[in-house]
$ cat target_2.tsv   # TSV, C-alpha atoms
chain	number	residue	atom	x	y	z
A	5	THR	CA	0.00	0.00	0.00
A	6	VAL	CA	0.79	3.69	-0.15
A	7	THR	CA	-0.51	5.91	2.64
A	8	ILE	CA	-1.08	9.65	2.27
A	9	PHE	CA	-0.96	11.48	5.60
A	10	ASP	CA	-2.67	14.88	5.52
A	11	VAL	CA	-1.21	16.16	8.78
A	12	PRO	CA	-2.89	19.62	8.93
A	13	GLY	CA	-6.19	18.01	7.91
A	14	ARG	CA	-5.65	15.19	10.41
A	15	LYS	CA	-6.68	12.43	7.98
A	16	PHE	CA	-5.14	9.73	5.84
A	17	THR	CA	-5.88	7.83	2.65
A	18	VAL	CA	-4.59	4.42	1.58
A	19	PHE	CA	-4.33	3.22	-2.00
A	20	GLY	CA	-2.62	0.64	-4.19
A	21	ASN	CA	-3.83	-2.52	-2.43
A	22	LYS	CA	-7.03	-3.18	-4.39
A	23	GLY	CA	-8.15	-3.42	-7.97
A	24	ALA	CA	-6.65	-4.79	-11.16
A	25	LEU	CA	-3.35	-2.94	-10.65
A	26	THR	CA	-2.63	-3.98	-7.08
A	27	LEU	CA	0.89	-3.19	-5.93
A	28	SER	CA	2.97	-6.31	-5.36
A	29	LYS	CA	6.15	-5.01	-3.71
A	30	PRO	CA	6.26	-1.21	-3.48
A	31	LEU	CA	9.79	-0.08	-2.66
A	32	GLY	CA	10.43	3.53	-3.69
A	33	ILE	CA	8.29	6.64	-4.05
A	34	ASP	CA	8.62	10.21	-5.28
A	35	VAL	CA	6.21	13.07	-6.00
A	36	SER	CA	6.45	15.74	-8.71
A	37	GLU	CA	5.64	19.42	-8.20
A	38	ALA	CA	2.32	18.79	-9.96
A	39	GLY	CA	1.42	16.20	-7.32
A	40	GLU	CA	1.83	13.06	-9.41
A	41	VAL	CA	2.94	10.10	-7.27
A	42	PHE	CA	5.50	7.68	-8.75
A	43	VAL	CA	5.75	4.29	-7.00
A	44	ILE	CA	8.31	1.66	-7.97
A	45	ASP	CA	6.89	-1.86	-7.73
A	46	GLY	CA	9.69	-4.39	-7.55
A	47	GLY	CA	7.32	-7.33	-7.84
A	48	ASN	CA	5.86	-6.14	-11.14
A	49	SER	CA	9.04	-4.44	-12.45
A	50	ALA	CA	7.20	-1.22	-13.22
A	51	VAL	CA	6.55	2.30	-11.97
A	52	TYR	CA	2.91	3.06	-11.22
A	53	VAL	CA	1.80	6.68	-11.46
A	54	TYR	CA	-1.11	8.10	-9.44
A	55	ASN	CA	-2.61	11.54	-8.95
A	56	SER	CA	-2.53	13.31	-5.59
A	57	GLU	CA	-5.73	11.52	-4.54
A	58	GLY	CA	-4.32	8.05	-5.21
A	59	GLN	CA	-6.13	7.40	-8.49
A	60	TYR	CA	-4.17	5.32	-11.02
A	61	LEU	CA	-2.98	7.22	-14.12
A	62	ARG	CA	-0.44	5.06	-15.98
A	63	ASN	CA	2.54	2.76	-15.60
A	64	ILE	CA	6.11	3.05	-16.89
A	65	GLY	CA	8.74	0.36	-17.55
A	66	ASP	CA	8.65	-3.42	-17.71
A	67	ALA	CA	10.75	-6.50	-16.94
A	68	GLU	CA	12.88	-5.90	-20.04
A	69	SER	CA	13.94	-2.37	-19.11
A	70	LEU	CA	14.05	-2.85	-15.34
A	71	SER	CA	16.07	-5.37	-13.30
A	72	ARG	CA	15.35	-5.52	-9.56
A	73	PRO	CA	14.17	-1.88	-9.49
A	74	VAL	CA	14.44	-0.47	-5.97
A	75	GLY	CA	14.42	3.34	-6.18
A	76	VAL	CA	12.72	6.10	-8.14
A	77	ALA	CA	13.21	9.86	-8.53
A	78	VAL	CA	11.39	12.45	-10.64
A	79	ASN	CA	12.52	15.99	-11.43
A	80	ASN	CA	10.48	18.94	-10.17
A	81	GLU	CA	8.82	19.51	-13.53
A	82	GLY	CA	7.59	15.92	-13.64
A	83	THR	CA	9.15	15.35	-17.07
A	84	ARG	CA	12.15	13.12	-16.34
A	85	LEU	CA	11.90	9.86	-14.37
A	86	TYR	CA	14.90	7.97	-12.99
A	87	VAL	CA	14.56	4.32	-11.90
A	88	VAL	CA	17.40	2.65	-9.96
A	89	ASN	CA	18.11	-0.92	-11.07
A	90	ASN	CA	19.83	-2.84	-8.28
A	91	GLY	CA	20.63	-5.77	-10.57
A	92	GLY	CA	21.51	-8.17	-7.77
A	93	VAL	CA	24.58	-10.40	-7.70
A	94	SER	CA	23.80	-12.22	-10.96
A	95	GLU	CA	23.26	-9.32	-13.37
A	96	LEU	CA	26.61	-8.05	-14.65
A	97	GLU	CA	25.42	-4.94	-16.46
A	98	LYS	CA	22.08	-3.91	-15.00
A	99	HIS	CA	23.42	-2.01	-12.00
A	100	ASN	CA	22.30	1.31	-13.40
A	101	VAL	CA	19.68	4.03	-13.64
A	102	ALA	CA	17.06	3.82	-16.39
A	103	VAL	CA	15.82	7.22	-17.58
A	104	PHE	CA	12.27	7.66	-18.89
A	105	ASP	CA	10.03	10.42	-20.15
A	106	ALA	CA	7.80	10.69	-17.10
A	107	GLN	CA	4.71	11.51	-19.16
A	108	THR	CA	4.94	9.20	-22.18
A	109	GLY	CA	6.91	6.37	-20.55
A	110	GLU	CA	9.48	6.32	-23.39
A	111	GLN	CA	12.88	5.09	-22.25
A	112	LEU	CA	15.46	7.76	-23.04
A	113	LYS	CA	18.75	6.26	-21.88
A	114	VAL	CA	20.59	4.21	-19.27
A	115	ILE	CA	23.11	5.73	-16.87
A	116	GLY	CA	26.04	3.56	-15.77
A	117	LYS	CA	26.89	-0.11	-15.61
A	118	ARG	CA	28.36	-2.40	-12.97
A	119	GLY	CA	31.78	-1.26	-11.79
A	120	SER	CA	33.63	1.07	-9.44
A	121	ASP	CA	34.89	3.78	-11.81
A	122	ASP	CA	33.28	7.22	-11.99
A	123	GLY	CA	29.79	6.86	-13.40
A	124	GLU	CA	29.61	3.11	-12.71
A	125	CYS	CA	27.52	1.50	-9.97
A	126	ASN	CA	27.51	-1.57	-7.77
A	127	LEU	CA	24.19	-2.47	-6.13
A	128	PRO	CA	22.71	1.06	-6.28
A	129	LEU	CA	19.75	1.66	-3.98
A	130	GLN	CA	17.97	5.02	-3.97
A	131	ALA	CA	18.06	8.30	-5.86
A	132	ALA	CA	16.99	11.93	-5.58
A	133	THR	CA	17.05	15.09	-7.69
A	134	ASP	CA	17.84	18.69	-6.73
A	135	ASP	CA	16.12	21.89	-7.88
A	136	GLN	CA	18.44	22.11	-10.91
A	137	GLY	CA	17.46	18.60	-12.01
A	138	ASN	CA	20.80	16.99	-11.09
A	139	LEU	CA	20.56	13.34	-10.08
A	140	TYR	CA	22.08	11.82	-6.91
A	141	VAL	CA	22.39	8.05	-6.55
A	142	VAL	CA	23.28	5.97	-3.47
A	143	ASP	CA	25.90	3.58	-4.87
A	144	GLY	CA	25.57	1.07	-2.03
A	145	GLY	CA	28.11	-1.55	-3.11
A	146	ASN	CA	30.75	1.14	-3.65
A	147	PHE	CA	29.87	2.94	-0.38
A	148	ARG	CA	29.48	6.33	-2.01
A	149	VAL	CA	27.08	8.84	-3.55
A	150	GLN	CA	27.35	9.76	-7.22
A	151	SER	CA	25.85	12.79	-8.93
A	152	PHE	CA	24.90	13.19	-12.59
A	153	THR	CA	23.59	16.05	-14.73
A	154	PRO	CA	19.95	15.91	-15.88
A	155	ASP	CA	21.24	14.37	-19.12
A	156	GLY	CA	23.14	11.64	-17.27
A	157	ASP	CA	26.70	12.97	-17.46
A	158	PHE	CA	28.91	12.27	-14.43
A	159	ARG	CA	29.34	15.27	-12.07
A	160	MET	CA	31.01	14.14	-8.86
A	161	THR	CA	31.23	11.45	-6.20
A	162	PHE	CA	31.82	11.45	-2.45
A	163	GLY	CA	31.97	8.97	0.42
A	164	LYS	CA	33.89	5.78	1.21
A	165	LEU	CA	33.74	2.69	3.38
A	166	GLY	CA	34.98	3.33	6.91
A	167	ARG	CA	34.16	3.71	10.58
A	168	LEU	CA	34.92	7.41	10.99
A	169	ILE	CA	32.17	10.03	11.08
A	170	GLY	CA	31.31	10.85	7.47
A	171	ASP	CA	32.20	7.38	6.19
A	172	PHE	CA	29.56	4.92	4.97
A	173	ASN	CA	28.80	1.39	6.15
A	174	ARG	CA	25.39	0.81	4.64
A	175	PRO	CA	24.18	4.00	2.92
A	176	LYS	CA	20.54	3.67	1.95
A	177	GLY	CA	18.14	6.65	1.84
A	178	ILE	CA	18.84	9.97	0.13
A	179	SER	CA	17.17	13.36	-0.28
A	180	VAL	CA	18.28	16.84	-1.38
A	181	ASP	CA	16.78	20.03	0.08
A	182	SER	CA	16.10	23.36	-1.62
A	183	GLU	CA	19.60	24.63	-0.68
A	184	GLY	CA	21.33	21.64	-2.24
A	185	LYS	CA	22.22	19.91	1.03
A	186	ILE	CA	22.31	16.12	0.72
A	187	TYR	CA	20.80	13.87	3.40
A	188	ILE	CA	21.92	10.22	3.68
A	189	THR	CA	20.71	7.51	6.06
A	190	ASP	CA	23.19	4.81	7.07
A	191	ALA	CA	21.31	1.65	8.07
A	192	MET	CA	24.35	0.06	9.72
A	193	LEU	CA	25.45	3.03	11.84
A	194	SER	CA	21.85	4.21	12.52
A	195	HIS	CA	22.53	7.87	11.88
A	196	MET	CA	21.77	10.59	9.40
A	197	LEU	CA	24.56	12.39	7.55
A	198	ILE	CA	24.08	15.84	6.03
A	199	PHE	CA	26.52	17.03	3.35
A	200	ASN	CA	26.85	20.38	1.58
A	201	PRO	CA	26.46	20.54	-2.23
A	202	GLU	CA	30.21	19.81	-2.61
A	203	GLY	CA	29.89	16.54	-0.66
A	204	GLU	CA	31.53	17.83	2.54
A	205	LEU	CA	30.10	16.62	5.86
A	206	MET	CA	28.15	19.28	7.78
A	207	LEU	CA	26.29	17.41	10.51
A	208	PHE	CA	25.25	13.97	11.71
A	209	PHE	CA	22.67	12.83	14.24
A	210	GLY	CA	20.95	9.69	15.48
A	211	SER	CA	22.10	6.44	17.11
A	212	TYR	CA	21.25	2.76	17.42
A	213	HIS	CA	19.09	1.92	20.43
A	214	ASN	CA	16.94	-1.00	21.58
A	215	GLN	CA	14.37	1.35	23.13
A	216	PRO	CA	12.36	3.59	20.78
A	217	GLY	CA	12.69	7.34	21.13
A	218	PRO	CA	13.52	10.50	19.21
A	219	ALA	CA	16.54	9.98	16.92
A	220	ARG	CA	16.86	6.37	18.11
A	221	PHE	CA	16.88	3.88	15.24
A	222	LYS	CA	17.20	0.15	14.57
A	223	LEU	CA	17.00	-0.03	10.78
A	224	MET	CA	16.92	3.33	9.02
A	225	ALA	CA	15.49	3.33	5.51
A	226	GLY	CA	14.19	6.24	3.46
A	227	VAL	CA	14.51	9.98	4.09
A	228	GLU	CA	12.77	12.99	2.61
A	229	VAL	CA	12.99	16.77	3.08
A	230	ASP	CA	9.92	18.94	2.43
A	231	LYS	CA	9.68	22.54	1.22
A	232	ASP	CA	9.80	23.83	4.81
A	233	GLY	CA	13.06	21.99	5.46
A	234	ARG	CA	11.51	19.42	7.76
A	235	VAL	CA	13.24	16.04	7.56
A	236	TYR	CA	11.32	12.73	7.62
A	237	VAL	CA	13.23	9.55	8.51
A	238	VAL	CA	11.76	6.04	8.26
A	239	ASP	CA	12.72	3.18	10.57
A	240	GLN	CA	11.68	-0.25	9.27
A	241	VAL	CA	12.02	-2.19	12.53
A	242	VAL	CA	10.49	0.34	14.93
A	243	ARG	CA	7.88	1.14	12.23
A	244	LYS	CA	7.97	4.87	12.71
A	245	ILE	CA	8.71	8.15	10.98
A	246	ASP	CA	10.79	10.67	12.92
A	247	VAL	CA	10.22	14.29	11.89
A	248	PHE	CA	12.88	16.96	12.51
A	249	ARG	CA	12.61	20.69	11.85
A	250	PRO	CA	15.40	23.15	11.02
A	251	TYR	CA	16.95	24.76	14.07
A	252	ASP	CA	15.76	28.24	12.99
A	253	MET	CA	12.14	27.21	12.40
A	254	LYS	CA	9.58	27.61	15.16
A	255	PRO	CA	7.20	24.73	15.91
A	256	ASP	CA	4.18	26.64	14.56
A	257	GLU	CA	5.83	27.67	11.28
A	258	GLY	CA	5.50	25.99	7.90
A	259	TYR	CA	3.02	23.55	6.49
A	260	LEU	CA	3.44	20.67	8.94
A	261	ALA	CA	2.80	22.71	12.06
A	262	ALA	CA	0.49	22.80	15.05
A	263	LYS	CA	-0.95	26.31	14.87
A	264	MET	CA	-1.21	28.30	18.10
A	265	MET	CA	-4.28	30.32	19.07
A	266	GLU	CA	-4.14	33.74	20.75
A	267	ASP	CA	-4.55	32.18	24.19
A	268	GLY	CA	-1.52	29.96	23.61
A	269	THR	CA	-3.44	26.71	23.12
A	270	LEU	CA	-3.07	24.53	20.06
A	271	LYS	CA	-5.46	25.04	17.19
A	272	ILE	CA	-6.17	21.47	16.17
A	273	LYS	CA	-8.81	20.34	13.72
A	274	PRO	CA	-10.99	17.36	14.66
A	275	VAL	CA	-9.96	14.05	13.19
A	276	THR	CA	-11.71	13.37	9.88
A	277	LYS	CA	-12.62	9.75	9.37
A	278	PRO	CA	-11.75	8.25	5.98
A	279	LYS	CA	-14.53	8.18	3.41
A	280	PRO	CA	-16.34	4.85	2.98
A	281	ASP	CA	-14.41	4.06	-0.19
A	282	SER	CA	-11.04	4.77	1.44
A	283	GLU	CA	-8.89	1.80	2.31
A	284	VAL	CA	-8.20	0.74	5.87
A	285	LEU	CA	-4.67	0.20	7.13
A	286	PRO	CA	-3.85	-3.50	7.50
A	287	GLU	CA	-3.48	-4.90	10.97
A	288	VAL	CA	0.14	-4.76	12.14
A	289	PRO	CA	1.48	-8.27	12.75
A	290	SER	CA	2.89	-9.13	16.15
A	291	GLU	CA	6.60	-9.56	16.73
A	292	GLU	CA	5.97	-13.31	16.85
$ encode --input "target_2.tsv" --output "structure tokens"
Amino acid sequence: TVTIFDVPGRKFTVFGNKGALTLSKPLGIDVSEAGEVFVIDGGNSAVYVYNSEGQYLRNIGDAESLSRPVGVAVNNEGTRLYVVNNGGVSELEKHNVAVFDAQTGEQLKVIGKRGSDDGECNLPLQAATDDQGNLYVVDGGNFRVQSFTPDGDFRMTFGKLGRLIGDFNRPKGISVDSEGKIYITDAMLSHMLIFNPEGELMLFFGSYHNQPGPARFKLMAGVEVDKDGRVYVVDQVVRKIDVFRPYDMKPDEGYLAAKMMEDGTLKIKPVTKPKPDSEVLPEVPSEE
């Protein structure tokens, strides 16, 4: 399933788990400025496109063009779609990024092949684009991040395997904010790394912990930064999303904010129940 959380409206919608085009193994997701939702389905080797209400629009890619697809990124204009092919241990060449016209579904090119040289990838995982349309790819097997121009030309790379702060052990999630800062989750070290546009470490936070709590993680996965600069971090084991705000942003500022009334109390809308045709979240299985 895919769940849309409308935080100010205090409601949610679930889609993708019913109908002829049921998602089999949704892995990656990205949203264009126009509100189109692109979901990579590893089980069906395709990208499914929905509108902002979760209604199916079209699909892109197939088993011939995609090999173990795990990540997806779309540029702000919603015209260029990048799909990360992980390839696995058996595919020698399909460790790359397939580029599509996000509207017509036409495949435009392939970026990279398996290897460790500049522009090559080994078990790539996730991708993101910046406001200029540049592409950033987590090159997991090479323990680095690579950046490409919108046309797929190599720009730069940073990161290496190591145990020092700023090194990678299991880089996984990636996002780029409006200032060009790059956010990387490391699933092994359980912390978030923030780099400047030149790939230089600026900040890190988070730690591994058996007890849940703010900035405590067991298995970090995806990360996203919204237009306000708030950072959303997913933990697969704890089954949570931690939300962080920029240090210079007040709690009641921006879109995802609890608005204060004149008397200092929170202005909170009543919870809106999903419409009858909305899906219901599946029951969470026990640890057993």
$ residues_around --input "target_2.tsv" --residues "Gln150 (chain A)" --least-positions-apart "4" --cutoff "8 Å" --atoms "all atoms listed in the file" --output "list of chain:residue names"
A:Gly123, A:Tyr140, A:Val141, A:Val142, A:Asp143, A:Phe158, A:Arg159, A:Met160, A:Thr161, A:Phe162
$ atom_distance --input "target_2.tsv" --atom1 "CA of Asn146 (chain A)" --atom2 "CA of Cys125 (chain A)"
7.1 Å
$ closest_residue --input "target_2.tsv" --among "A:Glu204, A:Asp171, A:Glu110, A:Glu228" --to "Met192 (chain A)" --atoms "only C-alpha atoms"
A:Asp171
$ residues_around --input "target_2.tsv" --residues "Arg167 (chain A)" --least-positions-apart "3" --cutoff "12 Å" --atoms "all atoms listed in the file" --output "short mmCIF file (atom, residue, chain, number, x, y, z; two decimals) with C-alpha atoms, keeping the file's coordinate frame"
data_model
loop_
_atom_site.label_atom_id
_atom_site.label_comp_id
_atom_site.auth_asym_id
_atom_site.auth_seq_id
_atom_site.Cartn_x
_atom_site.Cartn_y
_atom_site.Cartn_z
CA PHE A 147 29.87 2.94 -0.38
CA GLY A 163 31.97 8.97 0.42
CA LYS A 164 33.89 5.78 1.21
CA GLY A 170 31.31 10.85 7.47
CA ASP A 171 32.20 7.38 6.19
CA PHE A 172 29.56 4.92 4.97
CA ASN A 173 28.80 1.39 6.15
CA ARG A 174 25.39 0.81 4.64
CA ASP A 190 23.19 4.81 7.07
CA MET A 192 24.35 0.06 9.72
CA LEU A 193 25.45 3.03 11.84
#
$ residues_around --input "target_2.tsv" --residues "region 96-101 of chain A" --least-positions-apart "2" --cutoff "9 Å" --atoms "only C-alpha atoms" --output "PyMOL selection string"
chain A and resi 70-72+86-94+103+113-119+124-128+141
$ closest_residue --input "target_2.tsv" --among "A:Gly233, A:Pro216, A:Gly226, A:Gly144" --to "Glu183 (chain A)" --atoms "all atoms listed in the file"
A:Gly233
$ closest_residue --input "target_2.tsv" --among "A:Asp252, A:Ser36, A:Lys231, A:Asp105" --to "Ile64 (chain A)" --atoms "only C-alpha atoms"
A:Asp105
$ atom_distance --input "target_2.tsv" --atom1 "CA of Phe248 (chain A)" --atom2 "CA of Val235 (chain A)"
5.0 Å
$ atom_distance --input "target_2.tsv" --atom1 "CA of Leu260 (chain A)" --atom2 "CA of Asp239 (chain A)"
19.9 Å
$ closest_residue --input "target_2.tsv" --among "A:Leu197, A:Val247, A:Val149, A:Ala102" --to "Asp230 (chain A)" --atoms "only C-alpha atoms"
A:Val247
$ closest_residue --input "target_2.tsv" --among "A:Ser56, A:Gln136, A:Gln130, A:Thr108" --to "Val74 (chain A)" --atoms "all atoms listed in the file"
A:Gln130
$ closest_residue --input "target_2.tsv" --among "A:Gly156, A:Gly47, A:Gly82, A:Gly75" --to "Ile33 (chain A)" --atoms "all atoms listed in the file"
A:Gly75
$ residues_around --input "target_2.tsv" --residues "Ser182 (chain A)" --least-positions-apart "3" --cutoff "12 Å" --atoms "all atoms listed in the file" --output "ChimeraX atom specification"
/A:80,133-137,179,185-187,200-201,228-234
